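Reading through the structure tokens given below for one structure.
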Amino acid sequence: MSDSTSSAVAGGADPLVRLSDVRKTYDVGGTVEALAGVSLALDRGSYTAVMGPSGSGKSTLLNLVGALDTPTEGTVTVDGHDLAALSADDLAAVRGTTVGFVFQTFNLLPRLDAVENVALPLVFAGWDRDERRARASDLLGRVGLGDRLDHLPTELSGGQRQRVAIARALAPDPALLLADEPTGNVDTETGDAIMSLLGDLHAAGNAVLLVTHERRIAERADRILHVRDGRLERVEAPADGSGPGGADAPGAAVDADAAEGAGSESGTGTGDGPTDAAGEGR
């Protein structure tokens, strides 16, 4: 465990997300430990990137924070709610209001146009049709797709589909935006445009938790979490201050007491588990 991790302070007085000694194991013909005692806090309005090799626990971490999965041990608290203590309906409410998801594979419904895809979360939130359409149209305009409202996903480029997915994630005005490799299926120029959009959303007050394999993408964040074998190795602030808040901006913080002992854990993770909610391998 690096000095930068063990010396980091816990989050603010009221962090948006807190993980306390979280472990996640899967039984896939043998026990796979995807997370091995992770403790951290994410402040409101923070911008955090997660990096690590395949199978290190990145997507498992994202799924636990997003209430798509539950820990085997430990607690995950989002916006003051212990996710393990919530009913299925309450968990759905967290996913539908507090957290927005942006997946690498877009996950747009092919028979719905852009407005209908963006408005879909609001259907479950009980918005009426006119309100849903107005909200979706406004968001598509904000991501530069005001002239593509009635286009089906097959009529859009990869970058445009990802922007529709981002607009959909923003529909319920979530406090936290989770992005799993959001630039993975687009070219470099389009990826840079998407990252600029995420930066704008962060500047507007949304917390962002981003998983990426690319260093240049991660450096846009205020903090970079480095994970390996299911453990949080260290927390880094981009040295050149290239993140939106610079090297001294508040972001993710590791619980110092938990981090001090995490390096002595004996378990090793060999993967993130079978699949995530989008069907992507963890």
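Here, A, B, ... name the chains of the structure tokens in the order displayed, residue numbers run from 1 inside each chain, and ligands are numbered from 1 in the same displayed order.
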Just list as a ChimeraX atom specification whatever in segment 186-221 of chain A DSSP marks as helix (DSSP H, G or I).
/A:188-203,215-218
Excluding segment 182-197 of chain A and its own-chain neighbours fewer than 5 positions away, which residues fall within 7 Å of it when counting only C-alpha atoms? Please give them as a PyMOL selection string.
chain A and resi 102-104+158-159
Taking C-alpha atoms for each residue, export the selection above as a PDB file, in the first residue's frame.
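Output below, filename out.pdb:
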```pdb
ATOM      1  CA  VAL A 102     -23.386   5.437 -18.853  1.00  0.00           C
ATOM      2  CA  PHE A 103     -22.208   2.115 -20.290  1.00  0.00           C
ATOM      3  CA  GLN A 104     -19.606   1.399 -22.952  1.00  0.00           C
ATOM      4  CA  GLY A 158     -21.316   5.817 -32.140  1.00  0.00           C
ATOM      5  CA  GLY A 159     -20.504   9.182 -30.610  1.00  0.00           C
TER       6      GLY A 159
END
```
Give the strand (DSSP E or B) residues of segment 13-261 of chain A, as assigned by DSSP on the backbone, as a count of residues only.
65
Env of Ser137 of chain A: 8 Å cut, atoms = only C-alpha atoms, seq-sep filter 3 positions within chain, self excluded. Answer as a list in words.
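Listing them by chain and then by number gives Val115, Arg133, Ala134, Leu140, Gly141, Gly146 and Leu149 of chain A.
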Restricting the output to N, CA and C atoms, write the selected residues as a tab-separated table (two decimals), in the first residue's frame.
```tsv
chain	number	residue	atom	x	y	z
A	115	VAL	N	-35.41	10.83	-28.27
A	115	VAL	CA	-36.21	11.41	-27.19
A	115	VAL	C	-36.80	10.31	-26.31
A	133	ARG	N	-41.09	14.43	-22.44
A	133	ARG	CA	-40.58	14.82	-23.75
A	133	ARG	C	-39.84	16.16	-23.67
A	134	ALA	N	-40.36	17.09	-22.89
A	134	ALA	CA	-39.70	18.39	-22.75
A	134	ALA	C	-38.34	18.22	-22.09
A	140	LEU	N	-31.12	16.55	-24.78
A	140	LEU	CA	-30.50	16.25	-26.07
A	140	LEU	C	-29.93	17.52	-26.69
A	141	GLY	N	-30.60	18.63	-26.49
A	141	GLY	CA	-30.04	19.90	-26.94
A	141	GLY	C	-28.75	20.24	-26.23
A	146	GLY	N	-29.88	18.36	-30.57
A	146	GLY	CA	-31.21	18.95	-30.69
A	146	GLY	C	-31.85	18.72	-32.04
A	149	LEU	N	-33.68	14.51	-32.52
A	149	LEU	CA	-34.65	14.04	-31.52
A	149	LEU	C	-35.39	12.79	-31.95
```
Which residue gives the smallest distance to Glu33 of chain A among A:Gly55, A:Glu233, A:Leu19, A:His81, with only C-alpha atoms counted?
A:Gly55
Which is closer to Asn107 of chain A than all the others in A:Arg163, A:Arg228, A:Arg44, A:Lys24, using only C-alpha atoms?
A:Arg163
Which residues, written as an mmCIF file with N, CA and C atoms, in the first residue's frame, have at least one atom at most 8 Å from segment 58-70 of chain A, with only C-alpha atoms counted and residues fewer than 5 positions away on the same chain left out?
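Written output follows (selection-v5.cif):
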```
data_model
loop_
_atom_site.group_PDB
_atom_site.id
_atom_site.type_symbol
_atom_site.label_atom_id
_atom_site.label_comp_id
_atom_site.auth_asym_id
_atom_site.auth_seq_id
_atom_site.Cartn_x
_atom_site.Cartn_y
_atom_site.Cartn_z
ATOM 1 N N VAL A 17 -20.849 9.063 -1.278
ATOM 2 C CA VAL A 17 -20.654 7.607 -1.309
ATOM 3 C C VAL A 17 -19.596 7.231 -0.278
ATOM 4 N N LYS A 24 -16.340 -8.505 -2.138
ATOM 5 C CA LYS A 24 -17.298 -9.129 -3.045
ATOM 6 C C LYS A 24 -16.676 -10.387 -3.621
ATOM 7 N N ALA A 34 -13.567 -10.562 -6.027
ATOM 8 C CA ALA A 34 -13.495 -9.407 -6.920
ATOM 9 C C ALA A 34 -13.053 -8.155 -6.195
ATOM 10 N N LEU A 35 -13.513 -7.969 -4.946
ATOM 11 C CA LEU A 35 -13.049 -6.872 -4.101
ATOM 12 C C LEU A 35 -12.637 -7.450 -2.754
ATOM 13 N N VAL A 50 -11.228 5.539 -12.060
ATOM 14 C CA VAL A 50 -10.737 4.269 -11.543
ATOM 15 C C VAL A 50 -9.952 3.580 -12.649
ATOM 16 N N MET A 51 -8.703 3.221 -12.343
ATOM 17 C CA MET A 51 -7.851 2.534 -13.302
ATOM 18 C C MET A 51 -7.342 1.223 -12.703
ATOM 19 N N GLY A 52 -7.028 0.280 -13.576
ATOM 20 C CA GLY A 52 -6.466 -0.991 -13.148
ATOM 21 C C GLY A 52 -6.562 -1.987 -14.282
ATOM 22 N N VAL A 76 -21.981 -0.377 1.799
ATOM 23 C CA VAL A 76 -21.943 0.636 0.747
ATOM 24 C C VAL A 76 -23.066 1.617 1.055
ATOM 25 N N THR A 77 -22.703 2.868 1.286
ATOM 26 C CA THR A 77 -23.677 3.907 1.608
ATOM 27 C C THR A 77 -23.684 4.946 0.497
ATOM 28 N N VAL A 78 -24.856 5.219 -0.052
ATOM 29 C CA VAL A 78 -25.013 6.200 -1.119
ATOM 30 C C VAL A 78 -26.067 7.217 -0.686
ATOM 31 N N LEU A 83 -27.118 0.599 1.303
ATOM 32 C CA LEU A 83 -27.818 -0.101 0.226
ATOM 33 C C LEU A 83 -28.279 -1.495 0.636
ATOM 34 N N ALA A 84 -27.540 -2.155 1.507
ATOM 35 C CA ALA A 84 -27.915 -3.514 1.915
ATOM 36 C C ALA A 84 -29.195 -3.526 2.741
ATOM 37 N N LEU A 91 -34.106 0.267 -3.658
ATOM 38 C CA LEU A 91 -32.900 0.188 -4.479
ATOM 39 C C LEU A 91 -33.184 0.692 -5.892
ATOM 40 N N VAL A 94 -33.114 4.400 -5.867
ATOM 41 C CA VAL A 94 -31.750 4.938 -5.871
ATOM 42 C C VAL A 94 -31.196 4.928 -7.288
ATOM 43 N N ARG A 95 -31.385 3.793 -7.977
ATOM 44 C CA ARG A 95 -30.888 3.682 -9.351
ATOM 45 C C ARG A 95 -31.618 4.647 -10.276
ATOM 46 N N VAL A 99 -28.570 7.947 -8.961
ATOM 47 C CA VAL A 99 -27.450 7.481 -9.775
ATOM 48 C C VAL A 99 -27.857 7.410 -11.235
ATOM 49 N N PHE A 101 -26.375 6.050 -15.106
ATOM 50 C CA PHE A 101 -25.417 5.092 -15.645
ATOM 51 C C PHE A 101 -25.109 5.385 -17.111
ATOM 52 N N LEU A 178 -22.264 7.498 -13.114
ATOM 53 C CA LEU A 178 -21.326 6.389 -13.230
ATOM 54 C C LEU A 178 -21.077 6.109 -14.698
ATOM 55 N N ASP A 180 -18.842 3.678 -17.268
ATOM 56 C CA ASP A 180 -17.982 2.494 -17.433
ATOM 57 C C ASP A 180 -17.407 2.497 -18.845
ATOM 58 N N LEU A 209 -18.042 9.258 -11.367
ATOM 59 C CA LEU A 209 -17.152 8.128 -11.091
ATOM 60 C C LEU A 209 -16.972 7.376 -12.396
ATOM 61 N N VAL A 211 -14.753 4.686 -14.907
ATOM 62 C CA VAL A 211 -13.822 3.572 -15.088
ATOM 63 C C VAL A 211 -13.196 3.675 -16.463
ATOM 64 N N VAL A 227 -6.604 0.378 -8.742
ATOM 65 C CA VAL A 227 -7.011 -0.882 -8.122
ATOM 66 C C VAL A 227 -6.287 -2.042 -8.785
ATOM 67 N N ASP A 272 -13.360 -9.894 -11.829
ATOM 68 C CA ASP A 272 -14.419 -9.060 -11.289
ATOM 69 C C ASP A 272 -15.745 -9.783 -11.202
ATOM 70 N N GLY A 273 -15.783 -11.046 -11.519
ATOM 71 C CA GLY A 273 -17.046 -11.752 -11.513
ATOM 72 C C GLY A 273 -17.518 -11.991 -12.919
ATOM 73 N N ASP A 276 -21.670 -7.939 -15.722
ATOM 74 C CA ASP A 276 -22.372 -6.848 -15.061
ATOM 75 C C ASP A 276 -23.768 -6.763 -15.617
ATOM 76 N N ALA A 277 -24.508 -5.748 -15.177
ATOM 77 C CA ALA A 277 -25.918 -5.671 -15.547
ATOM 78 C C ALA A 277 -26.105 -5.453 -17.046
ATOM 79 N N ARG A 282 -16.962 -8.455 -16.170
ATOM 80 C CA ARG A 282 -16.325 -7.621 -15.149
ATOM 81 C C ARG A 282 -14.836 -7.884 -15.160
#
```
